[in-house]
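Contents: one structure, followed by commentary.
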Amino acid sequence: MTSPLPPTVAAHLPTGMLVGGRWRAARSGATFEVEDPATARTIFEVADADEADARDALDAAVEAFDPWRRTAPRVRSDLLRAVFDTLVARTDDIAALVTAEGGKPLAESRAEVAYAAEYVRWYSEQAVRVDGLARRAPAGTHHQLVLRRPVGPALLIAPWNFPIAMIARKIAPALAAGCTCVVKPARLTPLTTAYVAEVIRAELEARDLPAGVVNVVPSSSARRISEPLLVDPRLRKLSFTGSTEVGATLLAAAAPSILRTSMELGGNAPFLVFADADLDAAVEGAVQAKMRNSGQTCVAANRFLVHASVADEFSRRLTRAFEGLVLGHGADDGVTVGPLIERAAVERVAEVVAQAADGGARVRTGGTVPRRAGYFYAPTVLTDVAPDARVVTEEIFGPVAPVVTFDDEDEALRLANATPFGLVAYAYTRDVGRAMRLADEVQAGMIGINRGMVSDASAPFGGLKTSGLGREGGELGIEEYLDPVYVAL
Ligand code: SIN
């Protein structure tokens, strides 16, 4: 068994909350435990912030806002670029942290660090490219200017499934736009955020920039942080990544303050395989779309909709590919599938698989909870799954691939769109006309054609329907932190 954290990382990891450029304990002195999900052992204790701590953090973000928004875009850009350089240089240390608290295999953690750093680099470049508009009014009576202003202090609430990437794609555009922030890391994965926040804090200090630009409040209760801040009129922005259920609650809480909100919520991605697909490519894409972070991504392929003529062959090859995966501690050599994040996640996945099997689904591989420490679930392929099984209608968030068949393109499209979610869809076909019809008709904010992965820091990530509001990444990501101001001249 490998130790979860290199001693050099553990020795320098801040475990407090960051307020106004200073790490400190929670006012109450309370702490909470962070576990390694691959062993179910506690690896760290961190400060457990409460309402008073949250207000302290907002005070600091408010104080820093004016000087930060007046800081030259080039200076903001240079800061982000330096953070990018440091993240890249320390990839191995950060990846070790991501694996220790989140469980994913080290290769995936390294890929996540690179993905996160790319957001920081992209927004270091966008910081100096915030455009406005100037034109003559149609009536010829005046000129119209549209300026962009940072919206103000932002609350950024991050999920546990990508402890560095999700926080980077919120902090980087916020800082590039001139906003300051209070960051609430996920209860299960606060360590990586602390590490990254310290990198930013040190760069701010070295450049004599406002200390309270980034503040961090780890807490065992997201509500203790969000409730006082969402009713505080000084907060002007909320960005949340997490479940649709929690997103809806936060939207309701943000309504009285008419807060700008970005919501990156749940998904139920269809993965369509047509009869003309390259099956080798489809299986490779399926493993990628399904198994990243053991299926715990909101863009995970949730339902495999496969043309009846190729369903047997596709299922056979997918089963073989799943059987070749190596389950284990993410820090161990050769491991390709890590644990789920906590015991409740294993119980939920086991429950939806059992319900599908009771309804007639055939378990081609997996369907078991391995007898070992930690929160593991075996990679699972199900065929003959009823279209109304929970494993199809609900977001699984685990390493389970249910296969459902269709007979023609209309049926495929109807099944793909038969969900309240609309985050992402994947389709494998060699027919360009069909690919374009799907691009027009599939109800999703992102569509991967012959690709099992769409995520890219330079592209707009986000969903339709109950999958969210707004976009992160690309040119649109910074707009979420800017208000247009129209000047009639
Ligand atoms: C997510 O699952 O929340 C994000 C995944 C990604 O950015 O690729």
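Residues in the structure tokens are numbered from 1 in each chain, the chains being A, B, ... in the order shown, and ligands are numbered from 1 in the order shown.
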
Quiz item: Near segment 91-106 of chain A, counting only C-alpha atoms, which residues have an atom at most 9 Å away, once you skip same-chain residues fewer than 3 positions from it, shown as a PyMOL selection string?
Solution: chain A and resi 3-6+8-10+34-38+43+86-88+109-114+160-164+188-192+195-196+292-294+328-341

Take the residues from that selection and put them in a file with C-alpha atoms, as a PDB file, in the first residue's frame.
```
ATOM      1  CA  SER A   3       1.244   6.281   1.502  1.00  0.00           C
ATOM      2  CA  PRO A   4      -1.381   8.735   0.255  1.00  0.00           C
ATOM      3  CA  LEU A   5       0.753  11.903   0.425  1.00  0.00           C
ATOM      4  CA  PRO A   6       4.438  12.592  -0.178  1.00  0.00           C
ATOM      5  CA  THR A   8       6.988  17.208   1.242  1.00  0.00           C
ATOM      6  CA  VAL A   9       3.369  17.929   0.291  1.00  0.00           C
ATOM      7  CA  ALA A  10       1.928  17.021   3.677  1.00  0.00           C
ATOM      8  CA  VAL A  34     -10.659  14.330   5.298  1.00  0.00           C
ATOM      9  CA  GLU A  35     -10.485  10.691   4.232  1.00  0.00           C
ATOM     10  CA  ASP A  36      -8.583   8.743   1.622  1.00  0.00           C
ATOM     11  CA  PRO A  37     -11.518   7.010  -0.112  1.00  0.00           C
ATOM     12  CA  ALA A  38      -9.285   4.134  -1.202  1.00  0.00           C
ATOM     13  CA  ILE A  43      -5.517  11.630   6.251  1.00  0.00           C
ATOM     14  CA  THR A  86       3.700  26.992 -10.697  1.00  0.00           C
ATOM     15  CA  LEU A  87       0.848  24.529 -11.125  1.00  0.00           C
ATOM     16  CA  VAL A  88       2.609  22.932 -14.077  1.00  0.00           C
ATOM     17  CA  SER A 109      -4.881  13.265 -11.450  1.00  0.00           C
ATOM     18  CA  ARG A 110      -1.950  14.500 -13.529  1.00  0.00           C
ATOM     19  CA  ALA A 111      -4.310  14.988 -16.462  1.00  0.00           C
ATOM     20  CA  GLU A 112      -6.629  16.936 -14.179  1.00  0.00           C
ATOM     21  CA  VAL A 113      -3.796  19.221 -13.040  1.00  0.00           C
ATOM     22  CA  ALA A 114      -2.912  19.908 -16.694  1.00  0.00           C
ATOM     23  CA  TRP A 160     -15.321  17.005  -5.065  1.00  0.00           C
ATOM     24  CA  ASN A 161     -15.009  15.132  -8.352  1.00  0.00           C
ATOM     25  CA  PHE A 162     -12.369  17.456  -9.875  1.00  0.00           C
ATOM     26  CA  PRO A 163     -10.840  19.187  -6.849  1.00  0.00           C
ATOM     27  CA  ILE A 164      -8.440  21.321  -8.870  1.00  0.00           C
ATOM     28  CA  LEU A 188     -14.683  15.707   0.854  1.00  0.00           C
ATOM     29  CA  THR A 189     -11.767  17.322  -1.025  1.00  0.00           C
ATOM     30  CA  PRO A 190     -10.607  20.591   0.594  1.00  0.00           C
ATOM     31  CA  LEU A 191      -6.858  19.843   0.480  1.00  0.00           C
ATOM     32  CA  THR A 192      -6.172  20.501  -3.194  1.00  0.00           C
ATOM     33  CA  TYR A 195      -2.718  24.010  -1.960  1.00  0.00           C
ATOM     34  CA  VAL A 196      -3.796  26.041  -4.999  1.00  0.00           C
ATOM     35  CA  ARG A 292     -13.024   8.929 -16.019  1.00  0.00           C
ATOM     36  CA  ASN A 293     -12.945   9.277 -12.225  1.00  0.00           C
ATOM     37  CA  SER A 294     -14.750   5.921 -11.914  1.00  0.00           C
ATOM     38  CA  GLY A 328      -7.108  -0.262  -6.723  1.00  0.00           C
ATOM     39  CA  HIS A 329      -5.519   2.577  -4.801  1.00  0.00           C
ATOM     40  CA  GLY A 330      -4.965   5.420  -7.236  1.00  0.00           C
ATOM     41  CA  ALA A 331      -1.363   5.869  -6.103  1.00  0.00           C
ATOM     42  CA  ASP A 332      -0.443   2.254  -6.933  1.00  0.00           C
ATOM     43  CA  ASP A 333       1.241   1.424 -10.222  1.00  0.00           C
ATOM     44  CA  GLY A 334      -0.948   0.055 -12.965  1.00  0.00           C
ATOM     45  CA  VAL A 335      -4.258   1.008 -11.346  1.00  0.00           C
ATOM     46  CA  THR A 336      -6.764   2.397 -13.861  1.00  0.00           C
ATOM     47  CA  VAL A 337      -9.908   2.613 -11.702  1.00  0.00           C
ATOM     48  CA  GLY A 338     -10.009   4.151  -8.249  1.00  0.00           C
ATOM     49  CA  PRO A 339     -12.675   4.082  -5.551  1.00  0.00           C
ATOM     50  CA  LEU A 340     -15.903   6.015  -5.352  1.00  0.00           C
ATOM     51  CA  ILE A 341     -15.797   9.028  -3.101  1.00  0.00           C
TER      52      ILE A 341
END
```

*Would you mind listing what lies within 7 Å of segment 345-349 of chain A as an MDAnalysis selection string, with only C-alpha atoms counted and same-chain residues fewer than 5 positions away left out?*
chainID A and resid 340 375:377 396 398

Counting only C-alpha atoms, closest pick from A:Arg430, A:Val299, A:Pro270, A:Thr419 relative to Phe397 of chain A is A:Val299

In terms of only C-alpha atoms, the residue from A:Gly448, A:Pro387, A:Gly212, A:Gly366 at minimal distance from Val424 of chain A is A:Gly448

Notebook entry, point to check: Please, which residues of segment 335-478 of chain A, numbered as in this document, come out alpha helix (DSSP H) from DSSP, as number ranges by chain?
Noted result: A: 343-358, 390-393, 409-417, 432-441, 474-478

**Report entry** Surrounding residues of Val128 of chain A excluding itself and chain neighbours under 2 positions, 8 Å, only C-alpha atoms, as a VMD selection string
**Finding:** chain A and resid 73 to 74 77 124 to 126 130

Using only C-alpha atoms and all ligand atoms, which residues of chain A come within 6 Å of ligand 1, and what is the closest atom pair for each, with the distance in Å to one decimal? Give it as JSON lines, sorted by chain and residue number.
```
{"residue": "A:Thr297", "atom": "CA", "partner": "ligand 1", "partner_atom_place_in_ligand_line": "2 (O)", "distance": 3.4}
{"residue": "A:Cys298", "atom": "CA", "partner": "ligand 1", "partner_atom_place_in_ligand_line": "2 (O)", "distance": 3.7}
{"residue": "A:Val299", "atom": "CA", "partner": "ligand 1", "partner_atom_place_in_ligand_line": "2 (O)", "distance": 5.1}
{"residue": "A:Ser455", "atom": "CA", "partner": "ligand 1", "partner_atom_place_in_ligand_line": "8 (O)", "distance": 4.6}
```

*Fewer than 2 positions away in the same chain doesn't count, so skip those; otherwise give me all residues within 7 Å of Glu33 of chain A, counting only C-alpha atoms, as a PyMOL selection string.*
chain A and resi 31+35+42+44-46

List as a short mmCIF file (atom, residue, chain, number, x, y, z; two decimals) with all heavy atoms, in the first residue's frame the protein and nucleic acid residues near Val19 of chain A, meaning an atom at most 7 Å away when only C-alpha atoms are counted, but skip any in the same chain fewer than 6 places from it.
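Saved as out24.cif:
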```cif
data_model
loop_
_atom_site.label_atom_id
_atom_site.label_comp_id
_atom_site.auth_asym_id
_atom_site.auth_seq_id
_atom_site.Cartn_x
_atom_site.Cartn_y
_atom_site.Cartn_z
N ASP A 56 -16.37 36.80 7.62
CA ASP A 56 -15.00 37.34 7.62
C ASP A 56 -14.40 37.25 6.21
O ASP A 56 -13.74 38.18 5.74
CB ASP A 56 -14.08 36.51 8.55
CG ASP A 56 -14.42 36.70 10.03
OD1 ASP A 56 -15.15 37.66 10.35
OD2 ASP A 56 -13.94 35.88 10.84
N ALA A 57 -14.63 36.11 5.57
CA ALA A 57 -14.06 35.91 4.23
C ALA A 57 -14.68 36.89 3.24
O ALA A 57 -13.99 37.46 2.38
CB ALA A 57 -14.30 34.47 3.78
N ALA A 60 -13.23 40.32 3.64
CA ALA A 60 -11.91 40.44 2.98
C ALA A 60 -12.07 40.58 1.47
O ALA A 60 -11.36 41.38 0.83
CB ALA A 60 -11.06 39.22 3.32
N GLY A 212 -6.82 40.05 -0.09
CA GLY A 212 -8.11 39.35 0.02
C GLY A 212 -8.75 38.99 -1.31
O GLY A 212 -9.96 38.74 -1.38
N ASN A 215 -10.18 34.07 -1.02
CA ASN A 215 -10.38 33.64 0.36
C ASN A 215 -11.00 32.24 0.32
O ASN A 215 -11.78 31.95 -0.59
CB ASN A 215 -11.34 34.60 1.07
CG ASN A 215 -10.83 36.03 0.95
OD1 ASN A 215 -9.97 36.44 1.70
ND2 ASN A 215 -11.32 36.77 -0.04
N VAL A 216 -10.63 31.41 1.27
CA VAL A 216 -11.10 30.01 1.22
C VAL A 216 -11.70 29.61 2.56
O VAL A 216 -11.08 29.80 3.61
CB VAL A 216 -9.92 29.06 0.89
CG1 VAL A 216 -10.41 27.62 0.84
CG2 VAL A 216 -9.29 29.43 -0.44
#
```

**Q.** Atom-to-atom span, atom CA of Ile447 of chain A and atom CA of Leu423 of chain A, Å
**A.**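 Going from atom CA of Ile447 of chain A over to atom CA of Leu423 of chain A covers 8.6 Å.
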
- Task: Give me the residues within 8 Å of Gly132 of chain A as a ChimeraX atom specification, counting only C-alpha atoms and dropping any in the same chain fewer than 3 places off.
- Result: /A:145-148
